[in-house]
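run-v2.csv follows (CSV, C-alpha atoms):
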```
chain,number,residue,atom,x,y,z
A,336,MET,CA,77.1,93.8,103.3
A,337,THR,CA,77.8,92.4,99.9
A,338,ASP,CA,80.3,89.6,98.9
A,339,TYR,CA,83.8,89.7,97.7
A,340,GLN,CA,84.2,88.0,94.3
A,341,CYS,CA,87.4,86.9,92.5
A,342,PRO,CA,87.5,88.4,89.0
A,343,LYS,CA,89.8,85.6,87.8
A,344,CYS,CA,88.2,82.4,89.1
A,345,GLY,CA,84.8,83.5,90.4
A,346,VAL,CA,85.2,82.4,94.0
A,347,ARG,CA,83.0,84.4,96.4
A,348,SER,CA,83.5,85.1,100.1
A,349,PRO,CA,81.4,87.2,102.6
A,350,VAL,CA,83.1,90.4,103.6
A,351,GLU,CA,82.6,89.4,107.2
A,352,SER,CA,85.0,86.5,106.7
A,353,LEU,CA,88.1,88.9,106.8
A,354,ALA,CA,89.5,86.9,103.9
A,355,TRP,CA,91.8,89.4,102.2
A,356,ARG,CA,92.4,87.5,98.9
A,357,CYS,CA,90.9,84.7,96.9
A,358,PRO,CA,91.7,81.4,98.6
A,359,ARG,CA,92.0,79.6,95.3
A,360,CYS,CA,94.2,81.8,93.0
A,361,HIS,CA,95.4,84.2,95.7
A,362,GLY,CA,94.4,87.2,93.5
A,363,PRO,CA,92.8,90.4,94.8
A,364,TRP,CA,89.0,90.7,95.3
A,365,ASP,CA,86.4,92.6,93.4
A,366,LEU,CA,83.1,93.6,95.0
A,367,ASP,CA,79.7,92.3,94.0
A,368,PHE,CA,78.2,95.7,94.1
A,369,THR,CA,76.1,97.8,91.7
A,370,ALA,CA,76.2,101.6,92.3
A,371,ALA,CA,72.9,103.5,92.1
A,372,PRO,CA,72.9,106.8,90.0
A,373,VAL,CA,73.9,110.0,91.7
A,374,SER,CA,71.7,112.9,90.6
A,375,LEU,CA,73.7,116.1,90.1
A,376,ASP,CA,70.8,118.2,91.4
A,377,SER,CA,70.6,116.1,94.6
A,378,LEU,CA,74.1,117.1,95.7
A,379,THR,CA,73.3,120.6,96.7
A,380,GLY,CA,73.5,121.0,100.4
A,381,ARG,CA,75.0,117.5,101.1
A,382,VAL,CA,77.9,116.8,103.4
A,383,GLY,CA,81.2,118.2,102.2
A,384,SER,CA,83.0,114.9,102.0
A,385,LEU,CA,83.1,111.9,99.7
A,386,TRP,CA,80.2,110.5,101.6
A,387,ARG,CA,78.0,112.9,99.6
A,388,TYR,CA,78.0,110.2,96.8
A,389,GLU,CA,76.6,107.6,99.1
A,390,GLU,CA,74.3,106.1,96.4
A,391,ALA,CA,77.5,105.1,94.6
A,392,LEU,CA,79.3,103.8,97.6
A,393,PRO,CA,79.1,100.2,99.0
A,394,LEU,CA,79.0,101.6,102.6
A,395,ALA,CA,76.4,104.3,102.7
A,396,ALA,CA,76.7,107.0,105.4
A,397,THR,CA,73.0,106.8,106.2
A,398,GLU,CA,73.4,103.1,106.8
A,399,ALA,CA,76.4,103.7,109.1
A,400,THR,CA,74.6,106.1,111.4
A,401,GLY,CA,71.8,103.9,112.6
A,402,GLY,CA,70.7,106.7,115.0
A,403,GLY,CA,74.2,106.9,116.5
A,404,PRO,CA,77.6,108.3,115.4
A,405,GLY,CA,78.0,108.8,111.7
A,406,ALA,CA,80.5,107.2,109.3
A,407,VAL,CA,84.2,107.6,109.9
A,408,SER,CA,85.3,110.9,108.3
A,409,LEU,CA,88.0,113.6,108.4
A,410,GLY,CA,86.2,115.7,105.8
A,411,GLU,CA,88.1,114.0,103.0
A,412,GLY,CA,87.3,114.9,99.4
A,413,ARG,CA,85.9,118.0,97.6
A,414,THR,CA,89.5,119.1,96.7
A,415,PRO,CA,89.7,122.1,94.3
A,416,LEU,CA,90.3,122.1,90.6
A,417,VAL,CA,92.9,124.7,89.5
A,418,PRO,CA,93.9,125.5,85.9
A,419,LEU,CA,97.5,124.8,84.8
A,420,THR,CA,96.9,125.7,81.2
A,421,SER,CA,94.0,126.6,79.0
A,422,THR,CA,93.2,122.9,78.6
A,423,VAL,CA,94.7,121.2,81.7
A,424,THR,CA,93.3,121.3,85.2
A,425,ALA,CA,95.0,120.1,88.3
A,426,LYS,CA,92.9,118.5,91.1
A,427,LEU,CA,94.7,119.2,94.4
A,428,ASP,CA,94.3,116.0,96.2
A,429,PHE,CA,97.4,116.8,98.3
A,430,LEU,CA,95.0,119.0,100.3
A,431,MET,CA,93.4,115.9,101.8
A,432,PRO,CA,93.5,115.5,105.6
A,433,THR,CA,96.7,113.3,105.5
A,434,LEU,CA,98.1,115.2,102.4
A,435,SER,CA,97.5,112.5,99.8
A,436,PHE,CA,94.7,111.0,97.7
A,437,LYS,CA,94.9,107.8,99.6
A,438,ASP,CA,92.4,109.2,102.1
A,439,ARG,CA,89.7,108.5,99.6
A,440,GLY,CA,90.2,104.7,99.9
A,441,ALA,CA,91.4,104.7,103.5
A,442,VAL,CA,88.2,106.1,104.9
A,443,MET,CA,86.2,103.3,103.2
A,444,LEU,CA,88.6,100.6,104.7
A,445,ALA,CA,88.4,102.2,108.2
A,446,GLU,CA,84.6,102.4,108.1
A,447,LEU,CA,84.4,98.8,106.9
A,448,ALA,CA,86.8,97.7,109.7
A,449,ARG,CA,84.8,99.7,112.3
A,450,ARG,CA,81.7,97.6,111.4
A,451,LEU,CA,83.6,94.3,111.3
A,452,LYS,CA,85.3,94.9,114.7
A,453,PRO,CA,88.5,93.0,114.1
A,454,ARG,CA,91.1,92.4,116.8
A,455,ARG,CA,93.5,94.7,114.9
A,456,VAL,CA,94.1,96.3,111.5
A,457,ILE,CA,97.3,96.0,109.5
A,458,ALA,CA,98.4,97.7,106.4
A,459,ASP,CA,101.5,97.9,104.2
A,460,SER,CA,102.7,100.9,102.3
A,461,SER,CA,105.5,102.9,100.7
A,462,GLY,CA,104.3,105.7,102.9
A,463,ASN,CA,101.1,107.5,101.9
A,464,ALA,CA,98.6,104.7,102.2
A,465,GLY,CA,100.1,103.7,105.5
A,466,THR,CA,99.8,107.3,106.8
A,467,SER,CA,96.2,107.4,105.6
A,468,ILE,CA,95.2,104.1,107.2
A,469,ALA,CA,96.9,105.1,110.4
A,470,ALA,CA,95.0,108.4,110.6
A,471,TYR,CA,91.6,106.9,109.8
A,472,CYS,CA,92.1,104.0,112.2
A,473,ALA,CA,92.9,106.6,114.9
A,474,ARG,CA,89.7,108.4,114.0
A,475,ALA,CA,87.7,105.1,114.2
A,476,GLY,CA,89.4,104.0,117.4
A,477,LEU,CA,91.0,100.9,115.8
A,478,ASP,CA,94.3,99.2,116.8
A,479,CYS,CA,96.6,99.6,113.8
A,480,THR,CA,100.0,98.3,112.6
A,481,VAL,CA,101.7,99.6,109.4
A,482,TYR,CA,104.5,97.8,107.6
A,483,VAL,CA,106.7,100.1,105.5
A,484,PRO,CA,110.1,99.6,103.7
A,485,ALA,CA,113.0,100.6,105.9
A,486,ALA,CA,114.0,103.2,103.3
A,487,THR,CA,110.7,105.0,103.3
A,488,SER,CA,110.9,108.8,103.5
A,489,PRO,CA,111.5,109.8,107.2
A,490,LYS,CA,108.7,112.4,107.1
A,491,LYS,CA,106.2,109.8,106.1
A,492,VAL,CA,107.4,107.4,108.8
A,493,GLU,CA,107.1,110.2,111.3
A,494,GLN,CA,103.5,111.0,110.2
A,495,ILE,CA,102.4,107.3,110.5
A,496,ALA,CA,103.8,107.1,114.1
A,497,ALA,CA,102.2,110.4,115.1
A,498,HIS,CA,98.8,108.9,114.4
A,499,GLY,CA,99.5,106.2,117.0
A,500,ALA,CA,100.0,103.2,114.7
A,501,ARG,CA,102.7,100.7,115.5
A,502,LEU,CA,105.4,100.7,112.8
A,503,GLU,CA,107.2,97.7,111.3
A,504,LEU,CA,110.2,98.8,109.3
A,505,VAL,CA,111.0,96.0,106.8
A,506,PRO,CA,114.4,95.6,105.2
A,507,GLY,CA,114.4,95.3,101.4
A,508,ASP,CA,112.1,96.6,98.7
A,509,ARG,CA,108.3,97.3,98.6
A,510,GLU,CA,107.5,93.7,97.8
A,511,ALA,CA,109.4,92.5,100.9
A,512,THR,CA,107.2,94.8,102.9
A,513,ALA,CA,104.0,93.4,101.3
A,514,ARG,CA,105.1,89.8,102.1
A,515,ALA,CA,105.6,90.6,105.7
A,516,ALA,CA,102.2,92.2,106.0
A,517,ARG,CA,100.5,89.4,104.2
A,518,SER,CA,102.0,86.9,106.6
A,519,ALA,CA,100.5,88.8,109.5
A,520,ALA,CA,97.2,89.2,107.6
A,521,ASP,CA,96.7,85.4,107.8
A,522,GLU,CA,96.4,85.5,111.6
A,523,GLY,CA,92.9,85.2,113.1
A,524,GLY,CA,90.9,88.4,113.8
A,525,VAL,CA,93.1,90.6,111.6
A,526,PHE,CA,91.6,93.0,109.1
A,527,TYR,CA,94.2,93.6,106.3
A,528,ALA,CA,93.5,97.1,105.1
A,529,SER,CA,95.1,96.5,101.8
A,530,HIS,CA,94.8,99.3,99.3
A,531,VAL,CA,95.7,96.8,96.6
A,532,HIS,CA,93.7,93.7,97.4
A,533,ASN,CA,90.6,95.2,99.1
A,534,PRO,CA,88.1,96.6,96.5
A,535,TYR,CA,86.5,98.9,99.0
A,536,PHE,CA,89.6,101.1,98.6
A,537,LEU,CA,88.8,101.4,94.8
A,538,HIS,CA,85.3,102.4,95.6
A,539,GLY,CA,86.7,105.3,97.6
A,540,THR,CA,89.2,106.4,95.0
A,541,LYS,CA,86.5,106.5,92.4
A,542,THR,CA,85.1,109.6,94.1
A,543,TYR,CA,88.0,111.5,92.5
A,544,VAL,CA,86.1,111.3,89.2
A,545,TYR,CA,82.7,111.9,90.7
A,546,GLU,CA,84.0,115.2,92.1
A,547,ILE,CA,85.4,116.3,88.8
A,548,TRP,CA,82.1,115.3,87.1
A,549,GLU,CA,80.2,117.4,89.7
A,550,ASP,CA,82.5,120.4,89.6
A,551,LEU,CA,82.4,120.5,85.8
A,552,GLY,CA,78.6,120.5,85.8
A,553,GLY,CA,78.0,116.9,84.9
A,554,ARG,CA,80.8,116.3,82.4
A,555,LEU,CA,84.4,115.1,82.3
A,556,PRO,CA,87.5,116.2,80.4
A,557,GLU,CA,88.6,114.3,77.3
A,558,VAL,CA,91.6,112.8,79.2
A,559,LEU,CA,92.2,111.7,82.7
A,560,VAL,CA,96.0,111.5,83.3
A,561,LEU,CA,96.7,109.2,86.3
A,562,PRO,CA,99.9,107.9,88.0
A,563,VAL,CA,100.1,104.1,88.2
A,564,GLY,CA,102.0,101.8,90.5
A,565,ASN,CA,99.4,99.5,92.0
A,566,GLY,CA,96.7,101.3,90.0
A,567,THR,CA,94.4,102.2,92.8
A,568,LEU,CA,93.5,105.6,91.5
A,569,LEU,CA,93.2,104.6,87.9
A,570,LEU,CA,91.0,101.6,88.7
A,571,GLY,CA,88.8,103.7,90.9
A,572,ALA,CA,88.6,106.3,88.0
A,573,HIS,CA,87.6,103.5,85.6
A,574,LEU,CA,84.9,102.3,88.0
A,575,ALA,CA,83.4,105.8,88.2
A,576,VAL,CA,83.5,106.3,84.4
A,577,GLU,CA,81.7,103.1,83.8
A,578,GLU,CA,79.1,103.9,86.5
A,579,LEU,CA,78.5,107.3,85.1
A,580,ARG,CA,78.1,105.9,81.6
A,581,ALA,CA,75.8,103.1,82.7
A,582,HIS,CA,73.5,105.6,84.3
A,583,GLY,CA,73.5,108.0,81.3
A,584,LEU,CA,75.3,110.7,83.2
A,585,ILE,CA,78.1,111.1,80.7
A,586,ALA,CA,78.0,110.3,77.0
A,587,GLU,CA,81.6,109.5,76.3
A,588,ARG,CA,84.4,107.7,78.1
A,589,PRO,CA,87.5,109.9,78.7
A,590,ALA,CA,90.8,108.4,77.7
A,591,LEU,CA,92.8,107.1,80.7
A,592,VAL,CA,96.5,108.1,80.2
A,593,ALA,CA,98.6,106.1,82.7
A,594,VAL,CA,102.0,107.3,83.9
A,595,GLN,CA,104.8,105.2,85.2
A,596,THR,CA,108.3,106.0,86.3
A,597,ALA,CA,110.8,104.9,83.6
A,598,ALA,CA,112.8,103.1,86.3
A,599,VAL,CA,110.0,100.6,87.1
A,600,ALA,CA,107.4,100.3,84.3
A,601,PRO,CA,106.1,96.8,83.9
A,602,LEU,CA,102.6,98.0,82.9
A,603,ALA,CA,103.8,100.4,80.3
A,604,SER,CA,106.0,97.7,78.8
A,605,ALA,CA,103.2,95.2,78.7
A,606,PHE,CA,100.8,97.8,77.2
A,607,HIS,CA,103.1,98.8,74.3
A,608,ALA,CA,103.9,95.1,73.7
A,609,GLY,CA,100.2,94.4,73.3
A,610,ALA,CA,100.2,91.9,76.2
A,611,ASP,CA,97.3,91.2,78.6
A,612,ASP,CA,99.6,90.8,81.6
A,613,ILE,CA,103.0,91.9,82.8
A,614,THR,CA,106.4,90.5,83.1
A,615,PRO,CA,107.5,91.6,86.6
A,616,ALA,CA,110.1,94.3,86.5
A,617,GLU,CA,113.3,94.6,88.6
A,618,ALA,CA,113.1,96.9,91.6
A,619,ALA,CA,115.1,100.1,91.0
A,620,PRO,CA,115.6,103.4,92.8
A,621,THR,CA,113.5,106.3,91.6
A,622,LEU,CA,112.2,109.6,92.9
A,623,ALA,CA,108.7,108.4,92.3
A,624,GLU,CA,108.8,105.8,95.0
A,625,GLY,CA,105.0,105.7,95.3
A,626,ILE,CA,104.5,104.2,91.8
A,627,ALA,CA,107.7,102.0,91.7
A,628,ILE,CA,105.8,98.7,91.8
A,629,PRO,CA,107.5,95.8,90.0
A,630,ALA,CA,104.5,93.4,90.0
A,631,PRO,CA,101.2,95.0,90.6
A,632,PRO,CA,98.6,92.3,91.5
A,633,ARG,CA,95.8,94.0,89.5
A,634,ALA,CA,97.9,94.3,86.4
A,635,ARG,CA,95.4,92.7,84.0
A,636,GLN,CA,92.6,94.9,85.2
A,637,ILE,CA,94.8,98.1,84.8
A,638,LEU,CA,95.8,97.2,81.3
A,639,SER,CA,92.1,96.4,80.4
A,640,ALA,CA,90.9,99.7,81.9
A,641,VAL,CA,93.3,101.8,79.9
A,642,ARG,CA,92.5,100.1,76.7
A,643,ALA,CA,88.7,100.4,77.2
A,644,GLY,CA,88.7,104.1,76.7
A,645,GLY,CA,91.4,104.3,74.1
A,646,GLY,CA,94.1,105.4,76.5
A,647,THR,CA,97.8,104.8,76.6
A,648,PHE,CA,100.8,104.6,78.9
A,649,HIS,CA,103.7,107.1,79.2
A,650,THR,CA,106.9,106.8,81.2
A,651,VAL,CA,108.9,109.6,82.7
A,652,THR,CA,112.5,109.8,83.9
A,653,ASP,CA,113.6,111.1,87.2
A,654,ASP,CA,115.1,114.2,85.5
A,655,ARG,CA,111.6,115.1,84.1
A,656,ILE,CA,109.9,114.4,87.4
A,657,ARG,CA,112.4,116.6,89.2
A,658,ALA,CA,111.8,119.4,86.7
A,659,ALA,CA,108.0,119.0,86.9
A,660,GLN,CA,108.1,119.2,90.7
A,661,LEU,CA,110.0,122.5,90.5
A,662,ASP,CA,107.8,123.8,87.8
A,663,LEU,CA,104.6,123.1,89.8
A,664,ALA,CA,106.3,124.7,92.9
A,665,ALA,CA,106.9,127.8,90.8
A,666,ARG,CA,103.2,127.9,90.1
A,667,GLY,CA,102.4,127.8,93.8
A,668,LEU,CA,101.8,124.0,94.0
A,669,PHE,CA,104.4,122.0,96.1
A,670,VAL,CA,103.9,118.3,95.6
A,671,GLU,CA,106.0,115.2,96.2
A,672,PRO,CA,107.9,113.8,93.2
A,673,THR,CA,105.4,111.0,92.7
A,674,GLY,CA,102.7,113.6,92.6
A,675,ALA,CA,104.5,115.5,89.9
A,676,ALA,CA,104.9,112.5,87.5
A,677,CYS,CA,101.7,113.2,85.6
A,678,TRP,CA,102.6,116.8,85.0
A,679,ALA,CA,106.0,115.6,83.8
A,680,ALA,CA,104.3,113.2,81.3
A,681,ILE,CA,102.1,116.0,79.9
A,682,GLN,CA,105.1,118.2,79.5
A,683,ALA,CA,107.0,115.4,77.8
A,684,HIS,CA,104.3,113.9,75.6
A,685,GLY,CA,101.6,116.5,75.2
A,686,LEU,CA,97.8,115.9,74.9
A,687,GLU,CA,97.2,116.9,71.3
A,688,GLY,CA,95.1,119.8,72.4
A,689,ARG,CA,92.6,117.7,74.4
A,690,THR,CA,91.2,118.8,77.7
A,691,ALA,CA,92.6,117.0,80.7
A,692,ALA,CA,92.6,116.6,84.5
A,693,VAL,CA,95.7,115.7,86.4
A,694,PRO,CA,95.9,114.7,90.1
A,695,LEU,CA,98.4,116.3,92.3
A,696,CYS,CA,98.4,113.4,94.7
A,697,GLY,CA,100.8,114.0,97.6
A,698,ALA,CA,102.1,117.1,99.4
A,699,GLY,CA,105.7,118.2,99.0
A,700,ALA,CA,106.0,118.5,102.7
A,701,LYS,CA,106.1,114.7,102.9
A,702,THR,CA,109.4,114.4,101.0
A,703,GLY,CA,110.9,117.8,100.3
A,704,VAL,CA,112.3,118.9,97.0
A,705,ALA,CA,113.8,116.1,94.9
A,706,ALA,CA,117.5,115.8,95.1
A,707,GLY,CA,119.4,117.0,92.1
A,708,GLY,CA,120.7,114.4,89.6
```
Would you write out, as structure tokens, the structure that this file holds?
Amino acid sequence: MTDYQCPKCGVRSPVESLAWRCPRCHGPWDLDFTAAPVSLDSLTGRVGSLWRYEEALPLAATEATGGGPGAVSLGEGRTPLVPLTSTVTAKLDFLMPTLSFKDRGAVMLAELARRLKPRRVIADSSGNAGTSIAAYCARAGLDCTVYVPAATSPKKVEQIAAHGARLELVPGDREATARAARSAADEGGVFYASHVHNPYFLHGTKTYVYEIWEDLGGRLPEVLVLPVGNGTLLLGAHLAVEELRAHGLIAERPALVAVQTAAVAPLASAFHAGADDITPAEAAPTLAEGIAIPAPPRARQILSAVRAGGGTFHTVTDDRIRAAQLDLAARGLFVEPTGAACWAAIQAHGLEGRTAAVPLCGAGAKTGVAAGG
């Protein structure tokens, strides 16, 4: 296995140490890993999950087998692309095994934990990541506890419990939940399956872009529109874009257009102010609970990634999110409010005629139709 490396102060730590953050600055880890190129022609006949891109993954499926059982998998990935307009295509990540894109990162964390053999796995989430970690830990036979805000959607809480994970309902906001989980993560023998701090999660979410690249015959659209709270999908997308460019597999970077809820938008505010870091926002209620993050730990990396490709930030109100959810449902695509935020941004701000892909990240069955204003 490779090492964790702090992008801020350069501290390194072996992955086997179970250290979940930099001990010096307490920031999230990056991974000292260089992806190998994935040949488009080589993908024919490969397994129909994200493990098909094993050259680009820090945990290769062939390495995991060793003559025994294969890598942890529920068949995640390979979600379809469906046109919304003549220039905008939706990628249906709500068709993942646990009904959200978080399966892309969770399968990597579960496979890593399976190899490290911790005493137990813990995670914290506003719902979807916790559900995904619970499911993949169940698949891997790992003991799992998930911390969620007490106000999390009941259907998401029910789904986490159904996978056999222990639930810790934490009073207060999303940050209070994170603090409770981080306190438990410092105990001995605990693997903190943090979708924010652990970079293996980002190397799973980057397969979102690899799939688009494969399905479009070795190219990407001009714009990738992505929801941003903690930025795990956007940072994974940025990783994939940079890897594909480095290997000469795409000529141009697509612009990354990041979308936040207007109620909690510290990254959008920092971006448009020209700042390199955020001023933490106040927590506020919003339909898009999955991206309502007042102080994302990877804020500097997110802002840098959006600027690298000439992207921008948009914010959308709850009214626009509600309308976008209903509009998508009328097109046969029922997603949760957070999953409708990107479509809301496209409807509100347009794309100047450029081609784009938009993720529909979570199924509407998790939350139901957004309540009227």
May I have the protein, DNA and RNA residues with an atom at most 9 Å from (109.0, 112.7, 95.1), counting all atoms listed in the file in the file's coordinates, returned as an MDAnalysis selection string?
-> chainID A and resid 621:625 656:657 660 670:676 697 699 701:705
Mind checking which residues fall within 10 Å of segment 407-416 of chain A, counting all atoms listed in the file, ignoring those fewer than 4 positions away in the same chain, and posting them as a PyMOL selection string?
-> chain A and resi 382-387+396+399-400+423-433+436-439+441-447+449+470-472+474-476+539-540+542-543+545-547+549-551+692-694
Just the selected residues (C-alpha atoms), exported as a PDB file, keeping the file's coordinate frame, please.
```pdb
ATOM      1  CA  VAL A 382      77.900 116.800 103.400  1.00  0.00           C
ATOM      2  CA  GLY A 383      81.200 118.200 102.200  1.00  0.00           C
ATOM      3  CA  SER A 384      83.000 114.900 102.000  1.00  0.00           C
ATOM      4  CA  LEU A 385      83.100 111.900  99.700  1.00  0.00           C
ATOM      5  CA  TRP A 386      80.200 110.500 101.600  1.00  0.00           C
ATOM      6  CA  ARG A 387      78.000 112.900  99.600  1.00  0.00           C
ATOM      7  CA  ALA A 396      76.700 107.000 105.400  1.00  0.00           C
ATOM      8  CA  ALA A 399      76.400 103.700 109.100  1.00  0.00           C
ATOM      9  CA  THR A 400      74.600 106.100 111.400  1.00  0.00           C
ATOM     10  CA  VAL A 423      94.700 121.200  81.700  1.00  0.00           C
ATOM     11  CA  THR A 424      93.300 121.300  85.200  1.00  0.00           C
ATOM     12  CA  ALA A 425      95.000 120.100  88.300  1.00  0.00           C
ATOM     13  CA  LYS A 426      92.900 118.500  91.100  1.00  0.00           C
ATOM     14  CA  LEU A 427      94.700 119.200  94.400  1.00  0.00           C
ATOM     15  CA  ASP A 428      94.300 116.000  96.200  1.00  0.00           C
ATOM     16  CA  PHE A 429      97.400 116.800  98.300  1.00  0.00           C
ATOM     17  CA  LEU A 430      95.000 119.000 100.300  1.00  0.00           C
ATOM     18  CA  MET A 431      93.400 115.900 101.800  1.00  0.00           C
ATOM     19  CA  PRO A 432      93.500 115.500 105.600  1.00  0.00           C
ATOM     20  CA  THR A 433      96.700 113.300 105.500  1.00  0.00           C
ATOM     21  CA  PHE A 436      94.700 111.000  97.700  1.00  0.00           C
ATOM     22  CA  LYS A 437      94.900 107.800  99.600  1.00  0.00           C
ATOM     23  CA  ASP A 438      92.400 109.200 102.100  1.00  0.00           C
ATOM     24  CA  ARG A 439      89.700 108.500  99.600  1.00  0.00           C
ATOM     25  CA  ALA A 441      91.400 104.700 103.500  1.00  0.00           C
ATOM     26  CA  VAL A 442      88.200 106.100 104.900  1.00  0.00           C
ATOM     27  CA  MET A 443      86.200 103.300 103.200  1.00  0.00           C
ATOM     28  CA  LEU A 444      88.600 100.600 104.700  1.00  0.00           C
ATOM     29  CA  ALA A 445      88.400 102.200 108.200  1.00  0.00           C
ATOM     30  CA  GLU A 446      84.600 102.400 108.100  1.00  0.00           C
ATOM     31  CA  LEU A 447      84.400  98.800 106.900  1.00  0.00           C
ATOM     32  CA  ARG A 449      84.800  99.700 112.300  1.00  0.00           C
ATOM     33  CA  ALA A 470      95.000 108.400 110.600  1.00  0.00           C
ATOM     34  CA  TYR A 471      91.600 106.900 109.800  1.00  0.00           C
ATOM     35  CA  CYS A 472      92.100 104.000 112.200  1.00  0.00           C
ATOM     36  CA  ARG A 474      89.700 108.400 114.000  1.00  0.00           C
ATOM     37  CA  ALA A 475      87.700 105.100 114.200  1.00  0.00           C
ATOM     38  CA  GLY A 476      89.400 104.000 117.400  1.00  0.00           C
ATOM     39  CA  GLY A 539      86.700 105.300  97.600  1.00  0.00           C
ATOM     40  CA  THR A 540      89.200 106.400  95.000  1.00  0.00           C
ATOM     41  CA  THR A 542      85.100 109.600  94.100  1.00  0.00           C
ATOM     42  CA  TYR A 543      88.000 111.500  92.500  1.00  0.00           C
ATOM     43  CA  TYR A 545      82.700 111.900  90.700  1.00  0.00           C
ATOM     44  CA  GLU A 546      84.000 115.200  92.100  1.00  0.00           C
ATOM     45  CA  ILE A 547      85.400 116.300  88.800  1.00  0.00           C
ATOM     46  CA  GLU A 549      80.200 117.400  89.700  1.00  0.00           C
ATOM     47  CA  ASP A 550      82.500 120.400  89.600  1.00  0.00           C
ATOM     48  CA  LEU A 551      82.400 120.500  85.800  1.00  0.00           C
ATOM     49  CA  ALA A 692      92.600 116.600  84.500  1.00  0.00           C
ATOM     50  CA  VAL A 693      95.700 115.700  86.400  1.00  0.00           C
ATOM     51  CA  PRO A 694      95.900 114.700  90.100  1.00  0.00           C
TER      52      PRO A 694
END
```
Atomic distance atom CA of Ala665 of chain A - atom CA of Pro556 of chain A, expressed in Å with one decimal =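 If I compute the distance from atom CA of Ala665 of chain A to atom CA of Pro556 of chain A, I get 24.9 Å.
Distance check against Gly524 of chain A using only C-alpha atoms: of A:Val599, A:Ala610, A:Leu451, A:Leu502, the minimum falls on A:Leu451.
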Which one of A:Val558, A:Ile637, A:Val594, A:Ile457 sits closest to Thr422 of chain A if you count all atoms listed in the file?
->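 The answer is A:Val558, which sits nearest to Thr422 of chain A.
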Of the listed residues A:Ala519, A:Val651, A:Ala700, A:Leu686, that which approaches Val560 of chain A most closely, counting all atoms listed in the file =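 Closest to Val560 of chain A, using all atoms listed in the file: A:Leu686.
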Shortest contact to Ser639 of chain A, candidates A:Gly667, A:His573, A:Ala608, A:Ala600, atoms counted all atoms listed in the file, goes to A:His573
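Put simply, atom CA of Val592 of chain A is 6.2 Å away from atom CA of Leu561 of chain A.
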Kindly indicate which residue among A:Leu661, A:Val531, A:Val525, A:Ala515 lies nearest to Ala464 of chain A, using only C-alpha atoms for the distances.
->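 The shortest atom-to-atom distance to Ala464 of chain A comes from A:Val531.
Comparing A:Pro418, A:Gly499, A:Pro534, A:Pro393 by their smallest distance to Trp355 of chain A, the closest is A:Pro534 (using only C-alpha atoms).
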Contacts of Glu351 of chain A at 12 Å or less, counting all atoms listed in the file, minus same-chain residues fewer than 2 places along, as a ChimeraX atom specification?
-> /A:336-339,347-349,353-355,447-453,524-526
Just the selected residues (C-alpha atoms), exported as a short mmCIF file (atom, residue, chain, number, x, y, z; two decimals), in the frame of the given file, please.
```cif
data_model
loop_
_atom_site.label_atom_id
_atom_site.label_comp_id
_atom_site.auth_asym_id
_atom_site.auth_seq_id
_atom_site.Cartn_x
_atom_site.Cartn_y
_atom_site.Cartn_z
CA MET A 336 77.10 93.80 103.30
CA THR A 337 77.80 92.40 99.90
CA ASP A 338 80.30 89.60 98.90
CA TYR A 339 83.80 89.70 97.70
CA ARG A 347 83.00 84.40 96.40
CA SER A 348 83.50 85.10 100.10
CA PRO A 349 81.40 87.20 102.60
CA LEU A 353 88.10 88.90 106.80
CA ALA A 354 89.50 86.90 103.90
CA TRP A 355 91.80 89.40 102.20
CA LEU A 447 84.40 98.80 106.90
CA ALA A 448 86.80 97.70 109.70
CA ARG A 449 84.80 99.70 112.30
CA ARG A 450 81.70 97.60 111.40
CA LEU A 451 83.60 94.30 111.30
CA LYS A 452 85.30 94.90 114.70
CA PRO A 453 88.50 93.00 114.10
CA GLY A 524 90.90 88.40 113.80
CA VAL A 525 93.10 90.60 111.60
CA PHE A 526 91.60 93.00 109.10
#
```
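For the atom pair formed by atom CA of His530 of chain A and atom CA of Val481 of chain A, the distance is 12.2 Å, given to one decimal.
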Counting all atoms listed in the file, find the residues whose atoms lie at most 6 Å from (90.9, 107.6, 74.9) (file coordinates) and write them out as a CSV table (one decimal) with C-alpha atoms, in the frame of the given file.
```
chain,number,residue,atom,x,y,z
A,589,PRO,CA,87.5,109.9,78.7
A,590,ALA,CA,90.8,108.4,77.7
A,644,GLY,CA,88.7,104.1,76.7
A,645,GLY,CA,91.4,104.3,74.1
A,646,GLY,CA,94.1,105.4,76.5
```
Long-range neighbours of Ala496 of chain A as number ranges by chain, 12 Å cut-off, all atoms listed in the file, 4 positions minimum in chain = A: 462, 465-470, 473, 479-483, 489-492, 500-504
Export, as a short mmCIF file (atom, residue, chain, number, x, y, z; two decimals), keeping the file's coordinate frame, the selected residues with C-alpha atoms.
```cif
data_model
loop_
_atom_site.label_atom_id
_atom_site.label_comp_id
_atom_site.auth_asym_id
_atom_site.auth_seq_id
_atom_site.Cartn_x
_atom_site.Cartn_y
_atom_site.Cartn_z
CA GLY A 462 104.30 105.70 102.90
CA GLY A 465 100.10 103.70 105.50
CA THR A 466 99.80 107.30 106.80
CA SER A 467 96.20 107.40 105.60
CA ILE A 468 95.20 104.10 107.20
CA ALA A 469 96.90 105.10 110.40
CA ALA A 470 95.00 108.40 110.60
CA ALA A 473 92.90 106.60 114.90
CA CYS A 479 96.60 99.60 113.80
CA THR A 480 100.00 98.30 112.60
CA VAL A 481 101.70 99.60 109.40
CA TYR A 482 104.50 97.80 107.60
CA VAL A 483 106.70 100.10 105.50
CA PRO A 489 111.50 109.80 107.20
CA LYS A 490 108.70 112.40 107.10
CA LYS A 491 106.20 109.80 106.10
CA VAL A 492 107.40 107.40 108.80
CA ALA A 500 100.00 103.20 114.70
CA ARG A 501 102.70 100.70 115.50
CA LEU A 502 105.40 100.70 112.80
CA GLU A 503 107.20 97.70 111.30
CA LEU A 504 110.20 98.80 109.30
#
```
